[in-house]
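J.: The file below is structure26.pdb, PDB, C-alpha atoms and all ligand atoms:
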```
ATOM      1  CA  MET M   1       1.093 -10.851   4.619  1.00  0.00           C
ATOM      2  CA  LYS M   2      -1.348  -7.939   4.665  1.00  0.00           C
ATOM      3  CA  PHE M   3      -3.290  -6.591   1.666  1.00  0.00           C
ATOM      4  CA  PHE M   4      -3.778  -2.877   1.188  1.00  0.00           C
ATOM      5  CA  ILE M   5      -5.612  -1.381  -1.779  1.00  0.00           C
ATOM      6  CA  ASP M   6      -3.819   1.408  -3.629  1.00  0.00           C
ATOM      7  CA  THR M   7      -6.641   3.702  -4.685  1.00  0.00           C
ATOM      8  CA  ALA M   8      -8.854   6.611  -3.705  1.00  0.00           C
ATOM      9  CA  ASN M   9     -11.851   5.049  -5.465  1.00  0.00           C
ATOM     10  CA  LEU M  10     -14.537   4.343  -2.860  1.00  0.00           C
ATOM     11  CA  ASP M  11     -16.264   1.605  -4.907  1.00  0.00           C
ATOM     12  CA  ASP M  12     -12.996  -0.298  -5.349  1.00  0.00           C
ATOM     13  CA  ILE M  13     -12.267   0.054  -1.630  1.00  0.00           C
ATOM     14  CA  LYS M  14     -15.741  -1.292  -0.774  1.00  0.00           C
ATOM     15  CA  GLU M  15     -15.340  -4.194  -3.208  1.00  0.00           C
ATOM     16  CA  ALA M  16     -11.968  -5.210  -1.739  1.00  0.00           C
ATOM     17  CA  LYS M  17     -13.481  -4.944   1.734  1.00  0.00           C
ATOM     18  CA  ASP M  18     -16.416  -7.153   0.713  1.00  0.00           C
ATOM     19  CA  LEU M  19     -13.937  -9.742  -0.511  1.00  0.00           C
ATOM     20  CA  GLY M  20     -12.864 -10.031   3.132  1.00  0.00           C
ATOM     21  CA  ILE M  21      -9.154  -9.566   2.509  1.00  0.00           C
ATOM     22  CA  LEU M  22      -8.635  -5.842   3.032  1.00  0.00           C
ATOM     23  CA  ASP M  23      -6.210  -4.682   5.722  1.00  0.00           C
ATOM     24  CA  GLY M  24      -5.772  -1.050   4.712  1.00  0.00           C
ATOM     25  CA  VAL M  25      -5.618   1.626   2.024  1.00  0.00           C
ATOM     26  CA  THR M  26      -2.855   3.698   0.471  1.00  0.00           C
ATOM     27  CA  THR M  27      -3.443   6.834  -1.544  1.00  0.00           C
ATOM     28  CA  ASN M  28      -1.318   9.545  -3.062  1.00  0.00           C
ATOM     29  CA  PRO M  29      -1.982  12.915  -4.722  1.00  0.00           C
ATOM     30  CA  SER M  30      -2.070  11.309  -8.174  1.00  0.00           C
ATOM     31  CA  LEU M  31      -4.705   8.767  -7.098  1.00  0.00           C
ATOM     32  CA  MET M  32      -6.805  11.557  -5.540  1.00  0.00           C
ATOM     33  CA  ALA M  33      -6.563  13.601  -8.741  1.00  0.00           C
ATOM     34  CA  LYS M  34      -7.589  10.520 -10.754  1.00  0.00           C
ATOM     35  CA  GLU M  35     -10.871  10.493  -8.795  1.00  0.00           C
ATOM     36  CA  GLY M  36     -11.322  14.232  -9.368  1.00  0.00           C
ATOM     37  CA  ILE M  37     -10.702  15.024  -5.687  1.00  0.00           C
ATOM     38  CA  THR M  38      -8.808  18.308  -5.542  1.00  0.00           C
ATOM     39  CA  GLY M  39      -8.025  20.925  -2.889  1.00  0.00           C
ATOM     40  CA  THR M  40      -7.097  20.247   0.735  1.00  0.00           C
ATOM     41  CA  ALA M  41     -10.637  20.484   2.136  1.00  0.00           C
ATOM     42  CA  LYS M  42     -12.102  17.991  -0.356  1.00  0.00           C
ATOM     43  CA  ILE M  43      -9.115  15.678  -0.061  1.00  0.00           C
ATOM     44  CA  ASN M  44      -9.369  15.618   3.744  1.00  0.00           C
ATOM     45  CA  LYS M  45     -13.109  14.910   3.548  1.00  0.00           C
ATOM     46  CA  HIS M  46     -12.356  12.050   1.182  1.00  0.00           C
ATOM     47  CA  TYR M  47      -9.851  10.598   3.668  1.00  0.00           C
ATOM     48  CA  ALA M  48     -12.575  10.726   6.303  1.00  0.00           C
ATOM     49  CA  LYS M  49     -14.918   8.773   3.996  1.00  0.00           C
ATOM     50  CA  ILE M  50     -12.245   6.139   3.347  1.00  0.00           C
ATOM     51  CA  CYS M  51     -11.600   5.831   7.087  1.00  0.00           C
ATOM     52  CA  GLU M  52     -15.313   5.233   7.666  1.00  0.00           C
ATOM     53  CA  ILE M  53     -15.215   2.267   5.275  1.00  0.00           C
ATOM     54  CA  VAL M  54     -11.943   0.715   6.388  1.00  0.00           C
ATOM     55  CA  GLU M  55     -10.846  -0.191   9.910  1.00  0.00           C
ATOM     56  CA  GLY M  56      -7.203  -0.737   8.955  1.00  0.00           C
ATOM     57  CA  ASP M  57      -4.539   1.871   8.319  1.00  0.00           C
ATOM     58  CA  VAL M  58      -5.175   4.516   5.656  1.00  0.00           C
ATOM     59  CA  SER M  59      -2.128   6.355   4.290  1.00  0.00           C
ATOM     60  CA  ALA M  60      -2.688  10.074   3.666  1.00  0.00           C
ATOM     61  CA  GLU M  61       0.145  11.852   1.877  1.00  0.00           C
ATOM     62  CA  VAL M  62       1.552  15.259   2.773  1.00  0.00           C
ATOM     63  CA  ILE M  63       2.168  17.834   0.042  1.00  0.00           C
ATOM     64  CA  SER M  64       4.736  19.900   1.954  1.00  0.00           C
ATOM     65  CA  THR M  65       8.405  19.255   1.400  1.00  0.00           C
ATOM     66  CA  ASP M  66       9.899  21.249   4.303  1.00  0.00           C
ATOM     67  CA  TYR M  67      10.145  19.921   7.859  1.00  0.00           C
ATOM     68  CA  LYS M  68       7.796  22.461   9.479  1.00  0.00           C
ATOM     69  CA  GLY M  69       5.236  22.098   6.715  1.00  0.00           C
ATOM     70  CA  ILE M  70       5.324  18.286   6.768  1.00  0.00           C
ATOM     71  CA  VAL M  71       4.902  18.214  10.554  1.00  0.00           C
ATOM     72  CA  ALA M  72       2.031  20.733  10.536  1.00  0.00           C
ATOM     73  CA  GLU M  73       0.270  18.957   7.676  1.00  0.00           C
ATOM     74  CA  GLY M  74       0.837  15.508   9.159  1.00  0.00           C
ATOM     75  CA  LYS M  75      -0.604  16.557  12.519  1.00  0.00           C
ATOM     76  CA  LYS M  76      -3.766  17.804  10.792  1.00  0.00           C
ATOM     77  CA  LEU M  77      -4.069  14.602   8.732  1.00  0.00           C
ATOM     78  CA  ALA M  78      -3.603  12.439  11.838  1.00  0.00           C
ATOM     79  CA  LYS M  79      -6.581  14.204  13.464  1.00  0.00           C
ATOM     80  CA  ILE M  80      -8.958  13.135  10.654  1.00  0.00           C
ATOM     81  CA  ALA M  81      -9.303   9.600  12.055  1.00  0.00           C
ATOM     82  CA  PRO M  82      -7.394   7.258  14.386  1.00  0.00           C
ATOM     83  CA  ASN M  83      -6.409   4.972  11.497  1.00  0.00           C
ATOM     84  CA  ILE M  84      -4.707   7.682   9.431  1.00  0.00           C
ATOM     85  CA  VAL M  85      -1.041   7.031   8.683  1.00  0.00           C
ATOM     86  CA  VAL M  86       0.929  10.064   7.535  1.00  0.00           C
ATOM     87  CA  LYS M  87       2.646   9.359   4.226  1.00  0.00           C
ATOM     88  CA  VAL M  88       5.937  11.226   3.957  1.00  0.00           C
ATOM     89  CA  PRO M  89       8.316  11.362   0.970  1.00  0.00           C
ATOM     90  CA  MET M  90      11.860  10.001   1.266  1.00  0.00           C
ATOM     91  CA  ILE M  91      13.618  13.363   1.385  1.00  0.00           C
ATOM     92  CA  ARG M  92      15.885  14.901   4.020  1.00  0.00           C
ATOM     93  CA  ASP M  93      13.135  16.900   5.755  1.00  0.00           C
ATOM     94  CA  GLY M  94      10.845  13.904   5.365  1.00  0.00           C
ATOM     95  CA  VAL M  95      13.203  11.724   7.396  1.00  0.00           C
ATOM     96  CA  LYS M  96      13.377  14.419  10.098  1.00  0.00           C
ATOM     97  CA  ALA M  97       9.585  14.630  10.134  1.00  0.00           C
ATOM     98  CA  ILE M  98       9.245  10.831  10.371  1.00  0.00           C
ATOM     99  CA  ARG M  99      11.426  10.962  13.488  1.00  0.00           C
ATOM    100  CA  TYR M 100       9.140  13.687  14.913  1.00  0.00           C
ATOM    101  CA  PHE M 101       5.985  11.674  14.150  1.00  0.00           C
ATOM    102  CA  THR M 102       7.526   8.491  15.588  1.00  0.00           C
ATOM    103  CA  ASP M 103       8.439  10.289  18.816  1.00  0.00           C
ATOM    104  CA  ASN M 104       4.925  11.708  19.032  1.00  0.00           C
ATOM    105  CA  GLY M 105       3.003   8.489  18.454  1.00  0.00           C
ATOM    106  CA  ILE M 106       1.887   9.231  14.880  1.00  0.00           C
ATOM    107  CA  LYS M 107       2.197   6.369  12.393  1.00  0.00           C
ATOM    108  CA  THR M 108       4.072   7.013   9.144  1.00  0.00           C
ATOM    109  CA  ASN M 109       4.514   5.522   5.704  1.00  0.00           C
ATOM    110  CA  CYS M 110       7.766   6.574   4.040  1.00  0.00           C
ATOM    111  CA  THR M 111       7.026   6.765   0.335  1.00  0.00           C
ATOM    112  CA  LEU M 112       9.000   7.027  -2.908  1.00  0.00           C
ATOM    113  CA  VAL M 113      11.644   4.546  -1.753  1.00  0.00           C
ATOM    114  CA  PHE M 114      13.881   3.202  -4.504  1.00  0.00           C
ATOM    115  CA  SER M 115      17.002   1.927  -2.731  1.00  0.00           C
ATOM    116  CA  ALA M 116      18.132  -0.115   0.269  1.00  0.00           C
ATOM    117  CA  GLY M 117      19.991   2.942   1.616  1.00  0.00           C
ATOM    118  CA  GLN M 118      16.772   4.942   1.681  1.00  0.00           C
ATOM    119  CA  ALA M 119      15.065   2.013   3.408  1.00  0.00           C
ATOM    120  CA  ILE M 120      17.694   1.965   6.161  1.00  0.00           C
ATOM    121  CA  LEU M 121      17.275   5.707   6.801  1.00  0.00           C
ATOM    122  CA  ALA M 122      13.485   5.433   7.024  1.00  0.00           C
ATOM    123  CA  ALA M 123      13.730   2.461   9.376  1.00  0.00           C
ATOM    124  CA  LYS M 124      16.244   4.288  11.576  1.00  0.00           C
ATOM    125  CA  ALA M 125      13.834   7.238  11.770  1.00  0.00           C
ATOM    126  CA  GLY M 126      11.187   4.793  13.000  1.00  0.00           C
ATOM    127  CA  ALA M 127       8.819   4.731  10.019  1.00  0.00           C
ATOM    128  CA  THR M 128       5.875   2.387  10.594  1.00  0.00           C
ATOM    129  CA  TYR M 129       5.766   1.449   6.909  1.00  0.00           C
ATOM    130  CA  LEU M 130       8.206   1.771   4.062  1.00  0.00           C
ATOM    131  CA  SER M 131       7.008   1.880   0.448  1.00  0.00           C
ATOM    132  CA  PRO M 132       9.484   0.668  -2.181  1.00  0.00           C
ATOM    133  CA  PHE M 133       7.918   1.353  -5.613  1.00  0.00           C
ATOM    134  CA  ILE M 134       8.636  -1.913  -7.358  1.00  0.00           C
ATOM    135  CA  GLY M 135       6.841  -1.176 -10.649  1.00  0.00           C
ATOM    136  CA  ARG M 136       8.698   2.089 -11.082  1.00  0.00           C
ATOM    137  CA  VAL M 137      12.025   0.373 -10.299  1.00  0.00           C
ATOM    138  CA  ASP M 138      11.209  -2.157 -13.036  1.00  0.00           C
ATOM    139  CA  ASP M 139      10.378   0.755 -15.368  1.00  0.00           C
ATOM    140  CA  THR M 140      13.991   1.911 -15.067  1.00  0.00           C
ATOM    141  CA  ASN M 141      15.277  -1.546 -16.028  1.00  0.00           C
ATOM    142  CA  TRP M 142      16.293  -2.428 -12.440  1.00  0.00           C
ATOM    143  CA  ASP M 143      14.683  -5.219 -10.424  1.00  0.00           C
ATOM    144  CA  GLY M 144      11.894  -4.130  -8.067  1.00  0.00           C
ATOM    145  CA  ILE M 145      11.416  -7.564  -6.492  1.00  0.00           C
ATOM    146  CA  GLN M 146      15.161  -7.848  -5.891  1.00  0.00           C
ATOM    147  CA  LEU M 147      14.928  -4.545  -4.000  1.00  0.00           C
ATOM    148  CA  ILE M 148      12.196  -5.977  -1.738  1.00  0.00           C
ATOM    149  CA  GLU M 149      14.343  -9.052  -1.108  1.00  0.00           C
ATOM    150  CA  THR M 150      17.399  -6.962  -0.213  1.00  0.00           C
ATOM    151  CA  ILE M 151      15.438  -4.707   2.154  1.00  0.00           C
ATOM    152  CA  ALA M 152      13.777  -7.742   3.778  1.00  0.00           C
ATOM    153  CA  ASP M 153      17.195  -9.353   4.354  1.00  0.00           C
ATOM    154  CA  ILE M 154      18.618  -6.156   5.858  1.00  0.00           C
ATOM    155  CA  PHE M 155      15.604  -5.632   8.108  1.00  0.00           C
ATOM    156  CA  GLU M 156      15.862  -9.193   9.381  1.00  0.00           C
ATOM    157  CA  ILE M 157      19.601  -8.970  10.049  1.00  0.00           C
ATOM    158  CA  GLN M 158      19.231  -5.581  11.750  1.00  0.00           C
ATOM    159  CA  GLN M 159      15.921  -6.407  13.475  1.00  0.00           C
ATOM    160  CA  PHE M 160      14.269  -3.231  12.143  1.00  0.00           C
ATOM    161  CA  GLU M 161      10.568  -3.112  12.987  1.00  0.00           C
ATOM    162  CA  THR M 162       9.483  -1.020   9.980  1.00  0.00           C
ATOM    163  CA  GLU M 163       7.087  -3.005   7.802  1.00  0.00           C
ATOM    164  CA  ILE M 164       7.895  -3.393   4.105  1.00  0.00           C
ATOM    165  CA  LEU M 165       4.931  -2.262   2.030  1.00  0.00           C
ATOM    166  CA  ALA M 166       5.526  -3.273  -1.576  1.00  0.00           C
ATOM    167  CA  ALA M 167       3.984  -0.488  -3.692  1.00  0.00           C
ATOM    168  CA  SER M 168       3.620   0.427  -7.352  1.00  0.00           C
ATOM    169  CA  ILE M 169       2.312  -3.065  -8.063  1.00  0.00           C
ATOM    170  CA  ARG M 170       0.752  -3.333 -11.516  1.00  0.00           C
ATOM    171  CA  ASN M 171      -0.081  -7.034 -11.833  1.00  0.00           C
ATOM    172  CA  SER M 172      -0.971 -10.129  -9.841  1.00  0.00           C
ATOM    173  CA  LYS M 173       2.404 -11.814 -10.449  1.00  0.00           C
ATOM    174  CA  ALA M 174       4.129  -8.957  -8.597  1.00  0.00           C
ATOM    175  CA  ILE M 175       1.922  -9.673  -5.558  1.00  0.00           C
ATOM    176  CA  VAL M 176       3.038 -13.298  -5.436  1.00  0.00           C
ATOM    177  CA  GLU M 177       6.681 -12.342  -6.012  1.00  0.00           C
ATOM    178  CA  SER M 178       6.513  -9.676  -3.297  1.00  0.00           C
ATOM    179  CA  ALA M 179       5.133 -12.246  -0.863  1.00  0.00           C
ATOM    180  CA  LEU M 180       8.032 -14.577  -1.648  1.00  0.00           C
ATOM    181  CA  ALA M 181      10.579 -11.739  -1.426  1.00  0.00           C
ATOM    182  CA  GLY M 182       9.534 -10.929   2.151  1.00  0.00           C
ATOM    183  CA  ALA M 183       7.135  -7.982   1.849  1.00  0.00           C
ATOM    184  CA  ASP M 184       4.970  -7.583   4.961  1.00  0.00           C
ATOM    185  CA  ILE M 185       2.252  -5.847   2.956  1.00  0.00           C
ATOM    186  CA  VAL M 186       1.354  -5.409  -0.693  1.00  0.00           C
ATOM    187  CA  THR M 187      -0.611  -2.404  -1.846  1.00  0.00           C
ATOM    188  CA  CYS M 188      -2.184  -2.793  -5.245  1.00  0.00           C
ATOM    189  CA  PRO M 189      -5.079  -1.786  -7.465  1.00  0.00           C
ATOM    190  CA  LEU M 190      -8.256  -3.892  -7.237  1.00  0.00           C
ATOM    191  CA  LYS M 191      -7.547  -5.345 -10.696  1.00  0.00           C
ATOM    192  CA  SER M 192      -4.281  -6.921  -9.509  1.00  0.00           C
ATOM    193  CA  ILE M 193      -5.943  -8.316  -6.387  1.00  0.00           C
ATOM    194  CA  LEU M 194      -8.789  -9.838  -8.416  1.00  0.00           C
ATOM    195  CA  GLY M 195      -6.287 -11.223 -10.918  1.00  0.00           C
ATOM    196  CA  LEU M 196      -5.103 -13.604  -8.182  1.00  0.00           C
ATOM    197  CA  LEU M 197      -8.411 -15.440  -8.551  1.00  0.00           C
ATOM    198  CA  ASN M 198      -7.782 -16.438 -12.134  1.00  0.00           C
ATOM    199  CA  HIS M 199      -6.790 -19.895 -13.313  1.00  0.00           C
ATOM    200  CA  PRO M 200      -8.213 -21.577 -16.424  1.00  0.00           C
ATOM    201  CA  LEU M 201      -8.220 -24.984 -14.721  1.00  0.00           C
ATOM    202  CA  THR M 202     -10.462 -23.573 -11.985  1.00  0.00           C
ATOM    203  CA  ASP M 203     -12.951 -22.408 -14.630  1.00  0.00           C
ATOM    204  CA  ILE M 204     -12.766 -25.706 -16.538  1.00  0.00           C
ATOM    205  CA  GLY M 205     -13.035 -27.759 -13.347  1.00  0.00           C
ATOM    206  CA  LEU M 206     -16.020 -25.786 -12.055  1.00  0.00           C
ATOM    207  CA  ALA M 207     -17.830 -26.029 -15.390  1.00  0.00           C
ATOM    208  CA  LYS M 208     -17.314 -29.829 -15.331  1.00  0.00           C
ATOM    209  CA  PHE M 209     -18.526 -30.186 -11.722  1.00  0.00           C
ATOM    210  CA  LEU M 210     -21.667 -28.183 -12.507  1.00  0.00           C
ATOM    211  CA  ALA M 211     -22.316 -30.113 -15.749  1.00  0.00           C
ATOM    212  CA  ASP M 212     -21.912 -33.458 -13.939  1.00  0.00           C
ATOM    213  CA  TYR M 213     -24.274 -32.281 -11.203  1.00  0.00           C
ATOM    214  CA  GLU M 214     -26.887 -31.383 -13.843  1.00  0.00           C
ATOM    215  CA  LYS M 215     -26.394 -34.745 -15.607  1.00  0.00           C
ATOM    216  CA  GLY M 216     -26.794 -36.601 -12.322  1.00  0.00           C
ATOM    217  CA  ASN M 217     -30.009 -34.725 -11.507  1.00  0.00           C
ATOM    218  CA  LYS M 218     -31.543 -35.543 -14.888  1.00  0.00           C
ATOM    219  CA  LYS M 219     -31.261 -39.331 -14.361  1.00  0.00           C
TER     220      LYS M 219
HETATM  221  O1  LIG Y 301       1.707   2.823  -4.365  1.00  0.00           O
HETATM  222  C1  LIG Y 301       2.313   3.740  -5.245  1.00  0.00           C
HETATM  223  C2  LIG Y 301       1.581   3.700  -6.519  1.00  0.00           C
HETATM  224  O2  LIG Y 301       0.344   4.354  -6.444  1.00  0.00           O
HETATM  225  C3  LIG Y 301       2.360   4.149  -7.680  1.00  0.00           C
HETATM  226  O3  LIG Y 301       2.003   3.289  -8.669  1.00  0.00           O
HETATM  227  O4  LIG Y 301       1.824   2.504 -10.944  1.00  0.00           O
HETATM  228  O5  LIG Y 301       2.031   4.968 -10.478  1.00  0.00           O
HETATM  229  O6  LIG Y 301       3.974   3.442 -10.162  1.00  0.00           O
HETATM  230  P1  LIG Y 301       2.489   3.575 -10.156  1.00  0.00           P
END
```
Here is the file; what I need is its structure written in the form of structure tokens.
T.:
Amino acid sequence: MKFFIDTANLDDIKEAKDLGILDGVTTNPSLMAKEGITGTAKINKHYAKICEIVEGDVSAEVISTDYKGIVAEGKKLAKIAPNIVVKVPMIRDGVKAIRYFTDNGIKTNCTLVFSAGQAILAAKAGATYLSPFIGRVDDTNWDGIQLIETIADIFEIQQFETEILAASIRNSKAIVESALAGADIVTCPLKSILGLLNHPLTDIGLAKFLADYEKGNKK
């Protein structure tokens, strides 16, 4: 399973990279706004900075919602760096645009996916990645992890090559559950990644090892 970080914060991206586990980055307009990055020119510059830090795929989201606009915007984004993946919303013109990008060798991430039917359409259009938003599914009292499991089963039966990128992850438990449910990638905030480190028995055990070492050295 691959790890992507879901942020536009350069420090968090660097920290995840330093941990040695980072395979890529996903962003969206909300995450850009959170960092105070606004306007196309600044946003595109910021993508370039992210792509300098990370070798893996970096998802850059289009703002257009019509086919021509999505294609024009996506082509510009793809020129920023070779590891840019064009992030396209799961809408009718988005699916058409994904097909265009697929046929023209541009990688895509189909975002805002909330159902298995949407997943099938994106896979048929040749999306490189598919982003089911598991946290937001849970918010509506449905089961986000169950959605990942269903999509993973369908993709295996149908031999779809689109990779399942579990998104909208808000805690470490969801990372583990996504791995078990068959996600190819998880994209999550740094906090959720770092949360995987935590276990009280690790802390207790380490404290004991270090105390015993000190005791032994004093003899
Ligand atoms: O990867 C999508 C993510 O950024 C959305 O997360 O927590 O706003 O649902 P959230």
J.: May I ask which of the residues M:Ala127, M:Ile21, M:Met32, M:Ala167 is the closest one to ligand LIG 301 (chain Y), counting only C-alpha atoms and all ligand atoms?
T.: M:Ala167
J.: Can you give me, as number ranges by chain, the residues this file yields under the PyMOL selection byres (((chain M and resi 170) around 8) and not hetatm)?
T.: M: 135, 168-169, 171-172, 174, 188-189, 192
J.: Residues contacting ligand LIG 301 (chain Y) - anything with an atom at most 9 Å away, using all atoms listed in the file - can you give me those as number ranges by chain?
T.: M: 5-7, 26-28, 30-31, 111-112, 131-137, 139, 165-170, 187-189
J.: Using all atoms listed in the file, which protein or nucleic acid residues come within 12 Å of Gln159 of chain M? Drop anything in the same chain fewer than 4 positions from it, and give the result as a PyMOL selection string.
T.: chain M and resi 120+123-124+151-155+163
J.: Need the axis-aligned box for segment 188-207 of chain M with 4 Å each side, so what are the centre and edges in Å to one decimal, as lines of an AutoDock Vina configuration file?
T.:
```
center_x = -10.0
center_y = -14.8
center_z = -10.9
size_x = 23.6
size_y = 34.0
size_z = 19.3
```
J.: Determine the nearest neighbour of Ile175 of chain M from the options M:Ser59, M:Leu19, M:Glu214, M:Phe4, counting all atoms listed in the file.
T.: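 When distances to Ile175 of chain M are compared using all atoms listed in the file, the smallest one comes from M:Phe4.
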J.: Rank M:Val88, M:Ala125, M:Ala181, M:Ile37 by their smallest atom-to-atom distance to Leu147 of chain M, using only C-alpha atoms, and report the top residue only.
T.: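 Answer, going by the shortest atom-to-atom distance: M:Ala181.
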J.: Which residues are close to Ile43 of chain M, i.e. within 10 Å by only C-alpha atoms, leaving aside same-chain residues fewer than 5 positions away? Reply as a list in words.
T.: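 Close residues of Ile43 of chain M: Ala8, Pro29, Met32, Ala33, Gly36, Ile37, Thr38, Ala48, Lys49 and Ala60 of chain M.
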J.: Write a file of the just-selected residues containing C-alpha atoms, as a short mmCIF file (atom, residue, chain, number, x, y, z; two decimals), in the coordinates of the input.
T.:
```
data_model
loop_
_atom_site.label_atom_id
_atom_site.label_comp_id
_atom_site.auth_asym_id
_atom_site.auth_seq_id
_atom_site.Cartn_x
_atom_site.Cartn_y
_atom_site.Cartn_z
CA ALA M 8 -8.85 6.61 -3.70
CA PRO M 29 -1.98 12.92 -4.72
CA MET M 32 -6.80 11.56 -5.54
CA ALA M 33 -6.56 13.60 -8.74
CA GLY M 36 -11.32 14.23 -9.37
CA ILE M 37 -10.70 15.02 -5.69
CA THR M 38 -8.81 18.31 -5.54
CA ALA M 48 -12.58 10.73 6.30
CA LYS M 49 -14.92 8.77 4.00
CA ALA M 60 -2.69 10.07 3.67
#
```
J.: Go through M:Asp11, M:Glu61, M:Glu161, M:Glu149 one by one, measure the shortest atom-to-atom distance of each to Lys76 of chain M using all atoms listed in the file, and give the residue with the smallest value.
T.: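 With all atoms listed in the file as the atom set, the closest residue is M:Glu61.
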J.: Using only C-alpha atoms for the distances, tell me which of M:Phe114, M:Asp103, M:Leu210, M:Gln158 is nearest to Asp138 of chain M.
T.: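 Between M:Phe114, M:Asp103, M:Leu210, M:Gln158, the residue approaching Asp138 of chain M most closely is M:Phe114.
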J.: With all atoms listed in the file as the basis for distance, which of M:Leu180, M:Ile70, M:Ile193, M:Leu77 is at the shortest distance from Pro89 of chain M?
T.: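 Among M:Leu180, M:Ile70, M:Ile193, M:Leu77, it is M:Ile70 that comes nearest to Pro89 of chain M.
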J.: Please enumerate the residues selected by the PyMOL selection byres (((chain M and resi 126) around 10) and not hetatm) when evaluated against the supplied file, formatted as a ChimeraX atom specification.
T.: /M:95,98-103,107-110,120-125,127-130,160-162
J.: For C-alpha atoms, I'd like the residues from the last selection saved as a short mmCIF file (atom, residue, chain, number, x, y, z; two decimals), in the coordinates of the input.
T.:
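Dumped everything to part.cif:
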```cif
data_model
loop_
_atom_site.label_atom_id
_atom_site.label_comp_id
_atom_site.auth_asym_id
_atom_site.auth_seq_id
_atom_site.Cartn_x
_atom_site.Cartn_y
_atom_site.Cartn_z
CA VAL M 95 13.20 11.72 7.40
CA ILE M 98 9.24 10.83 10.37
CA ARG M 99 11.43 10.96 13.49
CA TYR M 100 9.14 13.69 14.91
CA PHE M 101 5.98 11.67 14.15
CA THR M 102 7.53 8.49 15.59
CA ASP M 103 8.44 10.29 18.82
CA LYS M 107 2.20 6.37 12.39
CA THR M 108 4.07 7.01 9.14
CA ASN M 109 4.51 5.52 5.70
CA CYS M 110 7.77 6.57 4.04
CA ILE M 120 17.69 1.96 6.16
CA LEU M 121 17.27 5.71 6.80
CA ALA M 122 13.48 5.43 7.02
CA ALA M 123 13.73 2.46 9.38
CA LYS M 124 16.24 4.29 11.58
CA ALA M 125 13.83 7.24 11.77
CA ALA M 127 8.82 4.73 10.02
CA THR M 128 5.88 2.39 10.59
CA TYR M 129 5.77 1.45 6.91
CA LEU M 130 8.21 1.77 4.06
CA PHE M 160 14.27 -3.23 12.14
CA GLU M 161 10.57 -3.11 12.99
CA THR M 162 9.48 -1.02 9.98
#
```
J.: Excluding segment 50-55 of chain M and its own-chain neighbours fewer than 2 positions away, which residues fall within 7 Å of it when counting only C-alpha atoms? Please give them as a list in words.
T.: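 Selected residues are Leu10, Gly24, His46, Tyr47, Ala48, Asp57, Val58, Ala81 and Asn83 of chain M.
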J.: Quick one: which residues end up in the PyMOL selection byres (((chain M and resi 68) around 12) and not hetatm) for this structure, as a list in words?
T.: Val62, Ile63, Ser64, Thr65, Asp66, Tyr67, Gly69, Ile70, Val71, Ala72, Glu73, Gly74, Lys75, Asp93, Gly94, Lys96, Ala97, Ile98, Tyr100 and Phe101 of chain M
J.: Just the number, please: distance in Å from atom CA of Glu15 of chain M to atom CA of Leu196 of chain M, one decimal.
T.: 14.8 Å
J.: One decimal, in Å: what's the spacing between atom CA of Ala183 of chain M and atom CA of Thr150 of chain M?
T.: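 Distance reported for this atom pair: 10.5 Å.
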